[in-house]
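What follows is the content of protein34.txt, which has compact mmCIF, C-alpha atoms:
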```txt
# COMPACT_ATOMS: atom_id res chain seq x y z
CA MET A 20 5.13 18.41 -51.51
CA ARG A 21 4.69 15.52 -53.94
CA ILE A 22 6.46 14.73 -57.20
CA GLU A 23 3.83 15.35 -59.83
CA ASP A 24 5.05 13.27 -62.80
CA ASN A 25 5.13 9.81 -61.24
CA ASN A 26 5.79 8.12 -64.58
CA SER A 27 9.34 9.47 -64.75
CA VAL A 28 10.20 8.77 -61.12
CA ALA A 29 12.06 5.69 -59.92
CA LEU A 30 13.43 4.47 -56.62
CA SER A 31 17.18 5.05 -56.68
CA ILE A 32 20.05 3.79 -54.54
CA ASP A 33 22.26 6.86 -54.28
CA ALA A 34 24.86 5.79 -51.71
CA ILE A 35 26.16 2.56 -50.20
CA ARG A 36 28.27 1.94 -47.12
CA VAL A 37 29.79 -1.38 -46.09
CA VAL A 38 31.71 -1.86 -42.83
CA ARG A 39 33.28 -5.21 -42.00
CA PRO A 40 35.97 -6.56 -39.70
CA LYS A 41 39.45 -6.22 -41.14
CA LYS A 42 40.62 -9.61 -39.90
CA LYS A 43 39.15 -12.73 -41.44
CA LEU A 44 39.12 -16.03 -39.60
CA VAL A 45 40.36 -19.05 -41.55
CA LEU A 46 37.81 -21.72 -40.66
CA VAL A 47 40.07 -24.78 -40.83
CA ASP A 48 42.62 -23.08 -38.56
CA GLU A 49 40.35 -21.19 -36.16
CA PHE A 50 37.26 -23.38 -36.06
CA ASP A 51 36.83 -22.91 -32.30
CA ALA A 52 36.25 -19.19 -32.81
CA VAL A 53 33.16 -19.90 -34.92
CA HIS A 54 31.88 -22.72 -32.68
CA CYS A 55 32.45 -25.69 -34.96
CA THR A 56 34.75 -28.72 -35.08
CA SER A 57 37.79 -29.18 -37.30
CA PHE A 58 35.91 -31.85 -39.24
CA ASN A 59 32.92 -29.55 -39.87
CA ALA A 60 35.25 -26.71 -40.90
CA HIS A 61 36.82 -28.93 -43.58
CA ILE A 62 33.36 -29.98 -44.79
CA LEU A 63 32.30 -26.34 -45.02
CA LYS A 64 35.39 -25.60 -47.10
CA LYS A 65 35.28 -28.65 -49.37
CA MET A 66 31.55 -28.99 -49.98
CA MET A 67 30.09 -25.55 -49.26
CA GLY A 68 32.96 -23.39 -50.54
CA ILE A 69 33.36 -21.40 -47.31
CA GLU A 70 36.97 -20.70 -46.32
CA THR A 71 37.06 -17.47 -44.32
CA VAL A 72 34.53 -15.43 -42.38
CA ASN A 73 34.31 -11.91 -40.97
CA VAL A 74 34.12 -12.00 -37.18
CA LEU A 75 34.33 -8.95 -34.95
CA PRO A 76 37.46 -9.50 -32.79
CA GLU A 77 37.05 -9.98 -29.07
CA GLY A 78 37.52 -6.75 -27.17
CA VAL A 79 36.17 -4.58 -29.98
CA PRO A 80 32.88 -3.03 -28.77
CA HIS A 81 29.79 -3.97 -30.76
CA GLU A 82 29.01 -0.29 -31.23
CA ALA A 83 32.14 0.06 -33.40
CA LEU A 84 30.36 -2.06 -35.99
CA MET A 85 26.79 -1.02 -35.25
CA MET A 86 26.96 2.76 -35.42
CA PRO A 87 28.45 3.68 -38.85
CA LEU A 88 25.89 5.08 -41.29
CA VAL A 89 26.02 5.88 -44.98
CA SER A 90 27.07 9.44 -45.81
CA LEU A 91 24.27 12.00 -45.69
CA SER A 92 26.45 14.98 -46.64
CA ASP A 93 24.76 15.57 -50.00
CA ALA A 94 21.24 14.77 -48.84
CA GLN A 95 18.80 17.61 -49.37
CA THR A 96 16.23 18.95 -46.92
CA TYR A 97 12.71 19.19 -48.28
CA ASP A 98 10.30 19.77 -45.44
CA GLU A 99 10.10 22.69 -43.09
CA PHE A 100 11.05 20.57 -40.10
CA GLY A 101 14.27 19.24 -41.61
CA ASN A 102 13.26 15.59 -41.04
CA ASP A 103 13.60 14.66 -44.68
CA VAL A 104 15.44 11.34 -44.27
CA GLU A 105 13.56 8.31 -42.93
CA LEU A 106 15.65 5.73 -41.09
CA ARG A 107 14.66 2.08 -41.49
CA SER A 108 16.28 -1.16 -40.32
CA ALA A 109 15.91 -4.68 -41.65
CA ASN A 110 18.08 -6.92 -39.54
CA THR A 111 17.71 -10.68 -39.52
CA GLY A 112 18.84 -11.01 -35.92
CA ALA A 113 16.37 -9.72 -33.34
CA MET A 114 19.17 -8.61 -31.02
CA ARG A 115 21.39 -5.70 -32.04
CA ALA A 116 22.27 -3.96 -28.79
CA LYS A 117 22.08 -4.25 -25.02
CA PHE A 118 18.60 -4.34 -23.56
CA GLY A 119 17.13 -0.85 -23.32
CA HIS A 120 19.51 0.65 -25.88
CA SER A 121 18.14 1.50 -29.34
CA ILE A 122 20.58 1.82 -32.23
CA ASP A 123 17.87 3.41 -34.38
CA ARG A 124 16.98 6.11 -31.88
CA THR A 125 20.65 6.87 -31.26
CA LEU A 126 21.38 7.21 -34.99
CA ALA A 127 18.25 9.31 -35.45
CA ARG A 128 19.38 11.76 -32.75
CA ILE A 129 22.92 11.98 -34.11
CA HIS A 130 21.92 12.52 -37.74
CA ASN A 131 18.53 14.24 -37.35
CA LEU A 132 16.59 11.42 -38.97
CA THR A 133 13.03 10.15 -38.62
CA PRO A 134 13.21 6.58 -37.21
CA LEU A 135 10.57 4.19 -38.49
CA GLY A 136 11.70 1.19 -36.46
CA LEU A 137 13.07 -2.27 -37.02
CA SER A 138 11.62 -4.92 -39.31
CA ASN A 139 13.13 -8.38 -39.09
CA ALA A 140 10.02 -10.53 -39.49
CA ASN A 141 11.08 -11.49 -43.01
CA ARG A 142 14.46 -12.82 -41.89
CA CYS A 143 17.05 -12.72 -44.70
CA VAL A 144 14.45 -11.19 -47.01
CA SER A 145 13.77 -8.24 -44.68
CA LEU A 146 15.88 -5.86 -46.78
CA PHE A 147 13.87 -6.77 -49.88
CA LYS A 148 10.69 -6.10 -47.90
CA GLN A 149 11.92 -2.62 -46.95
CA LEU A 150 12.79 -1.89 -50.59
CA ASP A 151 9.34 -3.10 -51.62
CA MET A 152 7.56 -0.89 -49.05
CA ILE A 153 9.55 2.19 -50.11
CA ALA A 154 8.99 1.46 -53.81
CA ARG A 155 5.24 1.12 -53.19
CA SER A 156 4.99 4.41 -51.28
CA ALA A 157 3.81 7.49 -53.15
CA PRO A 158 6.88 9.19 -54.69
CA ALA A 159 7.86 12.25 -52.70
CA PRO A 160 10.94 14.50 -52.46
CA ARG A 161 12.16 12.46 -49.50
CA GLN A 162 15.23 10.37 -48.86
CA TYR A 163 15.51 7.08 -47.01
CA CYS A 164 18.22 5.22 -45.14
CA ILE A 165 18.19 1.48 -44.53
CA HIS A 166 20.69 0.56 -41.83
CA ASN A 167 21.59 -3.04 -40.93
CA THR A 168 24.04 -4.53 -38.49
CA GLU A 169 24.33 -8.30 -38.40
CA LEU A 170 26.17 -9.84 -35.44
CA ALA A 171 26.15 -13.46 -34.33
CA PHE A 172 25.38 -13.17 -30.61
CA SER A 173 25.10 -16.94 -30.16
CA LYS A 174 26.40 -20.25 -31.44
CA GLU A 175 23.04 -20.96 -33.05
CA MET A 176 23.32 -17.77 -35.12
CA ARG A 177 26.95 -18.36 -36.10
CA ILE A 178 26.39 -21.83 -37.58
CA THR A 179 23.28 -22.64 -39.61
CA ARG A 180 22.70 -26.40 -39.63
CA GLY A 181 26.20 -27.00 -40.94
CA LEU A 182 25.29 -25.30 -44.23
CA SER A 183 26.70 -21.81 -43.68
CA VAL A 184 28.65 -19.60 -41.29
CA GLN A 185 27.47 -16.11 -40.42
CA GLY A 186 29.84 -13.20 -40.86
CA ASP A 187 29.60 -9.95 -38.87
CA SER A 188 29.02 -6.75 -40.84
CA ASN A 189 27.27 -3.39 -41.12
CA THR A 190 25.68 -1.96 -44.24
CA SER A 191 23.53 1.04 -45.05
CA LEU A 192 21.84 2.43 -48.14
CA ARG A 193 20.63 5.93 -48.96
CA LEU A 194 17.72 5.99 -51.39
CA SER A 195 15.41 8.51 -53.01
CA HIS A 196 12.55 8.79 -55.44
CA THR A 197 13.99 10.68 -58.40
CA ASP A 198 13.74 11.13 -62.16
CA SER A 199 17.53 10.75 -62.40
CA PRO A 200 18.31 7.45 -60.66
CA LYS A 201 21.83 6.19 -60.07
CA ILE A 202 21.02 2.57 -59.28
CA ARG A 203 17.38 2.09 -60.25
CA VAL A 204 15.40 -0.43 -58.24
CA SER A 205 13.54 -1.70 -61.29
CA SER A 206 11.55 -4.36 -59.47
CA VAL A 207 11.15 -6.12 -56.14
CA TYR A 208 9.23 -9.36 -55.72
CA LEU A 209 8.50 -11.32 -52.54
CA HIS A 210 7.13 -14.82 -52.18
CA TYR A 211 6.12 -16.68 -49.02
CA ASP A 212 5.73 -20.44 -48.87
CA ARG A 213 3.85 -20.70 -45.58
CA ARG A 214 4.27 -24.46 -45.35
CA PHE A 215 7.71 -23.72 -43.91
CA ALA A 216 6.77 -20.92 -41.53
CA ARG A 217 8.49 -22.65 -38.57
CA GLY A 218 11.86 -22.14 -40.24
CA ILE A 219 14.83 -23.60 -38.39
CA TRP A 220 12.43 -24.95 -35.72
CA GLY A 221 10.69 -27.19 -38.24
CA ASP A 222 11.03 -30.97 -37.97
CA ASN A 223 12.98 -33.21 -40.34
CA VAL A 224 9.95 -33.77 -42.56
CA GLU A 225 9.53 -30.02 -43.06
CA THR A 226 13.26 -29.57 -43.69
CA LYS A 227 13.23 -32.24 -46.39
CA ALA A 228 10.13 -30.72 -48.01
CA TYR A 229 11.74 -27.26 -47.94
CA GLU A 230 14.81 -28.58 -49.74
CA GLU A 231 12.64 -30.38 -52.31
CA ASN A 232 10.68 -27.17 -53.01
CA TYR A 233 13.63 -24.77 -52.75
CA ARG A 234 14.40 -24.71 -56.48
CA GLN A 235 10.76 -24.17 -57.44
CA ASN A 236 10.37 -21.30 -54.97
CA MET A 237 13.58 -19.64 -56.13
CA HIS A 238 12.56 -19.99 -59.77
CA GLN A 239 9.21 -18.39 -59.00
CA VAL A 240 10.60 -15.35 -57.21
CA ILE A 241 13.35 -14.84 -59.82
CA HIS A 242 11.06 -15.01 -62.86
CA CYS A 243 8.39 -12.84 -61.22
CA ALA A 244 11.00 -10.15 -60.44
CA LEU A 245 12.26 -10.31 -64.03
CA ASP A 246 8.73 -10.07 -65.44
CA LYS A 247 7.95 -7.13 -63.18
CA ALA A 248 11.06 -5.31 -64.46
CA GLY A 249 10.27 -6.21 -68.06
CA VAL A 250 13.56 -8.00 -68.68
CA THR A 251 14.70 -11.57 -69.26
CA LEU A 252 17.34 -13.62 -67.49
CA SER A 253 19.62 -13.27 -70.52
CA GLN A 254 19.63 -9.48 -69.95
CA ILE A 255 21.06 -9.85 -66.43
CA ASP A 256 24.79 -9.20 -66.28
CA HIS A 257 25.41 -10.69 -62.84
CA LEU A 258 23.45 -12.53 -60.17
CA LEU A 259 23.99 -11.35 -56.60
CA PRO A 260 23.35 -14.31 -54.27
CA HIS A 261 22.76 -14.60 -50.58
CA ASN A 262 26.08 -16.03 -49.46
CA ILE A 263 24.85 -19.20 -47.79
CA ASN A 264 27.05 -21.69 -49.69
CA ILE A 265 28.29 -22.35 -53.21
CA LYS A 266 26.74 -25.81 -53.51
CA SER A 267 23.13 -24.61 -53.52
CA TRP A 268 23.93 -21.85 -56.02
CA ARG A 269 25.66 -24.18 -58.46
CA PHE A 270 22.57 -26.38 -58.53
CA LEU A 271 20.35 -23.32 -58.97
CA CYS A 272 22.46 -21.92 -61.84
CA GLN A 273 22.27 -25.29 -63.57
CA SER A 274 18.48 -25.41 -63.22
CA LEU A 275 18.19 -21.84 -64.55
CA ASP A 276 20.61 -22.59 -67.40
CA VAL A 277 22.81 -19.71 -66.27
CA SER A 278 26.58 -19.85 -66.55
CA GLU A 279 28.27 -19.88 -63.15
CA SER A 280 30.55 -17.13 -64.48
CA ARG A 281 27.58 -14.73 -64.17
CA LEU A 282 27.16 -15.57 -60.48
CA PHE A 283 29.02 -13.11 -58.25
CA SER A 284 30.04 -15.83 -55.84
CA ARG A 285 33.44 -14.77 -54.52
CA ASN A 286 32.04 -13.49 -51.21
CA ILE A 287 30.59 -16.91 -50.37
CA GLN A 288 34.17 -18.08 -49.98
CA THR A 289 35.54 -15.07 -48.12
CA GLU A 290 32.82 -13.20 -46.18
CA GLY A 291 30.45 -15.68 -44.63
CA HIS A 292 26.68 -15.40 -44.84
CA CYS A 293 25.91 -11.92 -43.48
CA PHE A 294 22.13 -12.39 -43.55
CA CYS A 295 20.38 -9.23 -44.81
CA ASN A 296 23.72 -7.59 -45.53
CA ASP A 297 24.68 -10.07 -48.25
CA MET A 298 22.91 -8.12 -50.98
CA VAL A 299 24.50 -4.78 -50.09
CA ILE A 300 27.99 -6.26 -49.65
CA ASN A 301 27.72 -8.06 -52.98
CA LEU A 302 26.35 -4.95 -54.71
CA SER A 303 29.19 -2.81 -53.35
CA ASP A 304 31.86 -5.32 -54.34
CA ALA A 305 30.29 -5.96 -57.75
CA LEU A 306 30.27 -2.22 -58.46
CA GLU A 307 33.96 -2.12 -57.56
CA ALA A 308 34.62 -5.03 -59.92
CA PHE A 309 32.42 -4.24 -62.91
CA ALA A 310 31.48 -0.53 -62.97
CA HIS A 311 34.21 1.38 -64.78
CA GLU A 312 34.44 5.09 -65.56
CA ASP A 313 35.92 4.46 -69.02
CA THR A 314 32.82 2.50 -70.09
CA PRO A 315 30.10 3.97 -67.85
CA PRO A 316 26.60 2.45 -67.79
CA THR A 317 23.67 4.44 -69.16
CA ALA A 318 19.89 4.25 -69.07
CA GLU A 319 19.99 2.64 -72.52
CA ASN A 320 22.77 0.23 -71.55
CA PRO A 321 22.71 -0.29 -67.78
CA LEU A 322 24.85 -2.61 -65.71
CA ARG A 323 22.09 -4.94 -64.55
CA PHE A 324 22.09 -7.09 -61.41
CA LEU A 325 19.58 -9.61 -60.11
CA ALA A 326 19.77 -9.96 -56.32
CA VAL A 327 18.14 -13.01 -54.74
CA ALA A 328 17.69 -14.23 -51.17
CA ALA A 329 15.90 -16.92 -49.20
CA GLY A 330 14.94 -16.50 -45.58
CA ALA A 331 14.02 -18.89 -42.79
CA GLY A 332 10.29 -19.49 -42.68
CA GLY A 333 9.79 -20.04 -46.42
CA MET A 334 10.49 -16.43 -47.40
CA PHE A 335 12.01 -15.59 -50.78
CA GLY A 336 12.90 -12.27 -52.40
CA ALA A 337 14.43 -10.97 -55.62
CA CYS A 338 15.04 -7.56 -57.12
CA VAL A 339 16.41 -6.17 -60.37
CA LEU A 340 18.93 -3.36 -59.94
CA ASP A 341 19.96 -1.24 -62.95
CA VAL A 342 23.14 0.81 -62.56
CA ILE A 343 22.45 3.82 -64.78
CA GLN A 344 24.94 6.50 -63.77
CA LEU A 345 28.14 6.43 -61.74
CA GLU A 346 28.48 10.20 -61.33
CA GLY A 347 27.50 11.11 -57.79
CA LEU A 348 27.07 7.47 -56.73
CA ARG A 349 28.84 6.88 -53.42
CA ASN A 350 30.25 3.43 -52.67
CA GLU A 351 31.86 3.70 -49.24
CA ARG A 352 33.80 0.69 -47.96
CA HIS A 353 35.54 0.49 -44.59
CA ALA A 354 37.26 -2.10 -42.42
CA ILE A 355 37.57 -1.98 -38.63
```

Please lay out the structure from this file as structure tokens.
Amino acid sequence: MRIEDNNSVALSIDAIRVVRPKKKLVLVDEFDAVHCTSFNAHILKKMMGIETVNVLPEGVPHEALMMPLVSLSDAQTYDEFGNDVELRSANTGAMRAKFGHSIDRTLARIHNLTPLGLSNANRCVSLFKQLDMIARSAPAPRQYCIHNTELAFSKEMRITRGLSVQGDSNTSLRLSHTDSPKIRVSSVYLHYDRRFARGIWGDNVETKAYEENYRQNMHQVIHCALDKAGVTLSQIDHLLPHNINIKSWRFLCQSLDVSESRLFSRNIQTEGHCFCNDMVINLSDALEAFAHEDTPPTAENPLRFLAVAAGAGGMFGACVLDVIQLEGLRNERHAI
């Protein structure tokens, strides 16, 4: 069965779940736990704006963070086999579980989902790629789950060239094609600058060139996403960044002529860079901060976010998210 009037159908985020460690490590006090020196921890705080980070405590099994999934209790069944919800993953890290153990297959068995596999080739932009693929698919009465767990299994993943510290987290989204969207995915745009395909394995010349072209690439992906959604930067209420560090975002806001007050930057200081999960964590926290029942958003006057990310390998992504209705929207937030 297909939805016949495609013009009235949009991709909607209907439910969000964020799971993160309850205890935060204070970098300048517990720098050993995140594999850096006291000096580097003070630099990260002073120059990059990073003070605390979510790290799964020792002794807590990885599965405690990996297995939670967004609520499916109000999901509807459309096909005769009952496999109406597709399960997708978009982790940055290639390793999520012990060898031979599949988180996706386990979740699919538990929740009766259709697993479509893991996609991490786009690094920190992998979530945007999944949104783009779903948005491009023919609208159908089907629901989708995107499930991501980001864990730093190594020192190299915990610290990124002294520029950011990775936090551990789990997020999941439930989406649908519908004519009554809750959070409308109004546009997704991806851009690849293949000169930097080697990513963190590139030499110093490539790293310098990447930094010199970073602003131009970010401008391109941002303005293309805005054009695709038919809105301007002045119509964006808040920017949702990838939480790499505050320094790069201050420079970017200045170059875009955007007030830093419109940048939802508080999680850069407190969460760490959670790779693909940054967008979902920031969206969940921004909804908690700005979406109020007494002045609810509407289709005519949405609460509008612009989410942006850059991934290793010269990958950039942006999407415009319009919060249209709060009724029925689930924003589940848990600490372990």

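Restricting the calculation to all atoms listed in the file, the smallest distance between Thr251 (chain A) and any of A:Leu325, A:Leu46, A:Cys164, A:Ala337 is found for A:Leu325.
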
Who sits within 12 Å of Ile265 (chain A), all atoms listed in the file, same chain under 6 positions skipped, as an MDAnalysis selection string: chainID A and resid 63:70 182:183 271:272 279 282:289 291:292

Place a sphere of radius 8 Å on (34.0, -10.8, -38.6) in the file coordinates and name every protein, DNA or RNA residue with an atom inside or on its surface, counting only C-alpha atoms; give the answer as a PDB file with C-alpha atoms, keeping the file's coordinate frame.
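Ended up saving to part_5.pdb:
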```pdb
ATOM      1  CA  ARG A  39      33.280  -5.210 -42.000  1.00  0.00           C
ATOM      2  CA  PRO A  40      35.970  -6.560 -39.700  1.00  0.00           C
ATOM      3  CA  LYS A  41      39.450  -6.220 -41.140  1.00  0.00           C
ATOM      4  CA  LYS A  42      40.620  -9.610 -39.900  1.00  0.00           C
ATOM      5  CA  LYS A  43      39.150 -12.730 -41.440  1.00  0.00           C
ATOM      6  CA  LEU A  44      39.120 -16.030 -39.600  1.00  0.00           C
ATOM      7  CA  VAL A  72      34.530 -15.430 -42.380  1.00  0.00           C
ATOM      8  CA  ASN A  73      34.310 -11.910 -40.970  1.00  0.00           C
ATOM      9  CA  VAL A  74      34.120 -12.000 -37.180  1.00  0.00           C
ATOM     10  CA  LEU A  75      34.330  -8.950 -34.950  1.00  0.00           C
ATOM     11  CA  PRO A  76      37.460  -9.500 -32.790  1.00  0.00           C
ATOM     12  CA  GLY A 186      29.840 -13.200 -40.860  1.00  0.00           C
ATOM     13  CA  ASP A 187      29.600  -9.950 -38.870  1.00  0.00           C
ATOM     14  CA  SER A 188      29.020  -6.750 -40.840  1.00  0.00           C
TER      15      SER A 188
END
```

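Proximity ranking of A:Leu192, A:Ala331, A:Leu126, A:Leu306 relative to Tyr233 (chain A) places A:Ala331 first, based on only C-alpha atoms.
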
Would you mind reading off the distance between CA of His242 (chain A) and CA of Ala216 (chain A), one decimal, in Å?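 Calculated distance between CA of His242 (chain A) and CA of Ala216 (chain A) is 22.5 Å.
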
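The space separating CA of Asn131 (chain A) from CA of Asp103 (chain A) comes to 8.8 Å.
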
Using 12 Å as the limit and counting all atoms listed in the file, can you tabulate each residue of region 116-217 of chain A that touches region 51-54 of chain A, with its shortest atom-to-atom distance in Å and the two atoms involved, as a tab-separated table?
```
residue	atom	partner	partner_atom	distance
A:Ala171	CA	A:Val53	CA	9.5
A:Phe172	CA	A:Val53	CA	11.2
A:Ser173	CA	A:His54	CA	9.3
A:Lys174	CA	A:His54	CA	6.1
A:Glu175	CA	A:His54	CA	9.0
A:Met176	CA	A:Val53	CA	10.1
A:Arg177	CA	A:Val53	CA	6.5
A:Ile178	CA	A:His54	CA	7.4
A:Thr179	CA	A:His54	CA	11.0
A:Gly181	CA	A:His54	CA	10.9
A:Ser183	CA	A:Val53	CA	11.1
A:Val184	CA	A:Val53	CA	7.8
A:Gln185	CA	A:Val53	CA	8.8
A:Gly186	CA	A:Val53	CA	9.5
A:Asp187	CA	A:Val53	CA	11.3
```

Given all atoms listed in the file as the counted atoms, nearest of A:Arg36, A:Tyr211, A:Leu132, A:Leu30 to Met152 (chain A):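 The closest residue to Met152 (chain A) is A:Leu30.
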
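Between CA of Gly332 (chain A) and CA of Gly221 (chain A) the separation is 8.9 Å.
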
Show which residues sit within 7 Å of Leu106 (chain A), as a PDB file with C-alpha atoms, in the coordinates of the input. Count all atoms listed in the file, and ignore same-chain residues fewer than 3 positions away.
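File written: around.pdb
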```
ATOM      1  CA  LEU A 132      16.590  11.420 -38.970  1.00  0.00           C
ATOM      2  CA  THR A 133      13.030  10.150 -38.620  1.00  0.00           C
ATOM      3  CA  PRO A 134      13.210   6.580 -37.210  1.00  0.00           C
ATOM      4  CA  LEU A 135      10.570   4.190 -38.490  1.00  0.00           C
ATOM      5  CA  TYR A 163      15.510   7.080 -47.010  1.00  0.00           C
ATOM      6  CA  CYS A 164      18.220   5.220 -45.140  1.00  0.00           C
ATOM      7  CA  ILE A 165      18.190   1.480 -44.530  1.00  0.00           C
TER       8      ILE A 165
END
```

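Shell of Asn236 (chain A) at 8 Å, with all atoms listed in the file counted and residues fewer than 2 places along the chain excluded, is His210, Asp212, Asn232, Tyr233, Arg234, His238, Gln239, Val240 and Phe335 of chain A.
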
Between A:Ile263, A:Met86, A:Ala109, A:Val250, which has the minimum distance to Ser206 (chain A) (counting only C-alpha atoms)?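 Among the listed residues, A:Val250 lies closest to Ser206 (chain A).
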